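Q: To start, I am sharing the structure in question, which I have written as structure tokens.
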Amino acid sequence: MDINQSGFKSGHSTETALLSVTEALRQARAASKSTVLILLDLSAAFDTVNHQILLSTLMKMGISGTALQWFKSYLSDDPSVGVRVAACLTDISAWMKEHHLQLNLAKTELLVVSANPALHHHLSIQLGSSSRTARNLGVVIDDQLKFTDHITATTRSCRFALYNIRKIRPFLSEHATQLLVQALVLSRLDYCNALLAGLPACTIKPLQLIQNAAARLVFNEPKRAHVTPLFISLHWLPIAARIKFKALVLAFKATTGSAPIYLNSLVQTYTPSRNLRSASERRLVVPYQRGMKSLSRSFSWAVPTWWNDLPISIRAAESVTIFKKRLKTHLFQLHLNNQE
């Protein structure tokens, strides 16, 4: 199995896969190289599987009789028509491009002559498109890798969730409100936030405003209420600290061999040429960025810098559980307790 395959593998996730892709794009851009990101969407899963093998597998699992006939009937129907037509048009388009011709999609029409007039076919055929943004596994990636579009989309969905919770807030207890906010808002704010490591504070500020509103909603506080006491009561880290926490946990896993192999290139353990005391301090190599513009806004540069600034007691934690506990305490004191 390819080492870059992340589906259904322990320690792998959409976040680790996206982080690997995003860092490759950032590294190339920092080196003044252009890259092309192509996202392929696999449609009609049943059409990509050998139907005989699938039916044989179902029989081995004990499915037979009417239930098996249902599967046979479903697999023999016409859901793959759209896929086959799209594939045909794609082949035609590819042939035309090879011969310096261009297919005009705006003037391309599709007519379905059905064997049964009572059947209505709704086929949506698209050969592909290019844009300044692309959505990959729930994350909007823009061509400048600033993630402003993703942050805008995240704040919009969170704002909608807060609006709905606010409408029923009079009927909820404080604890129930907190659980709803954590499930519907904080989970969105935290999703793949390691990709935001190194971004300036002004970029992630909209996310912080959402978290502020969420804390005030839990305690039914007015819009201008100071949020630091609320965060302390909820034991919530602010957005910048949450990003740092996620990124550093991934770094710890990478250095201890529990992260996907493809993340190993993002963080490298510092090994001095001589037997120095620093050899036992578990430091990371900070990439040399002279002449590499915008590298400081990447995970591979920001995280080693954050890591090396951590107390040795955190970097030398014996397990990821202990590391998380010590790291959260450290970030909590750094970002909240000092603001009281």
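Identifiers in the structure tokens: chain A, B, ... in order shown; residue index from 1 per chain; ligand index from 1 in order shown.
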Can you list, as a VMD selection string, every residue of region 192-229 of chain A that DSSP puts in helix (DSSP H, G or I)?
A: chain A and resid 193 to 196 201 to 219 228 to 229
Q: Give me the residues near region 138-154 of chain A as a count of residues only, where near means some atom within 10 Å (using only C-alpha atoms) and where sequence neighbours in that chain fewer than 2 positions away do not count.
A: 39
Q: Rounded to one decimal in Å, what is the spacing between CA of Val227 (chain A) and CA of Phe323 (chain A)?
A: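 Interatomic distance, CA of Val227 (chain A) to CA of Phe323 (chain A): 26.9 Å.
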Q: So which residues touch region 238-249 of chain A within 9 Å, counting only C-alpha atoms, skipping near sequence neighbours fewer than 4 positions away, as number ranges by chain?
A: A: 189-190, 192-198, 201, 204-205, 207-208, 211-212, 228, 231, 253-254, 299, 303-304, 306-307, 320, 323-324, 327-328, 331-332, 334-336
Q: What separation in Å, quoted to one decimal, exists between CA of Thr329 (chain A) and CA of Asn308 (chain A)?
A: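 Calculated distance between CA of Thr329 (chain A) and CA of Asn308 (chain A) is 17.0 Å.
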Q: Fewer than 2 positions away in the same chain doesn't count, so skip those; otherwise give me all residues within 12 Å of Gln182 (chain A), counting only C-alpha atoms, as a list in words.
A: Cys158, Ala161, Leu162, Ile165, His175, Ala176, Thr177, Gln178, Leu179, Leu180, Leu184, Val185, Leu186, Ser187, Arg188, Leu189, Asp190, Gln211, Ala214, Ala215, Leu217, Val218, Leu234, His235 and Trp236 of chain A
Q: For Gln102 (chain A), list every protein, DNA or RNA residue within 8 Å, evaluated using only C-alpha atoms, and leave out those in the same chain fewer than 4 positions away; present the list as a count of residues only.
A: 3
Q: Please, what distance in Å, to one decimal, runs between CA of Ser300 (chain A) and CA of Leu19 (chain A)?
A: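 CA of Ser300 (chain A) sits 10.0 Å away from CA of Leu19 (chain A).
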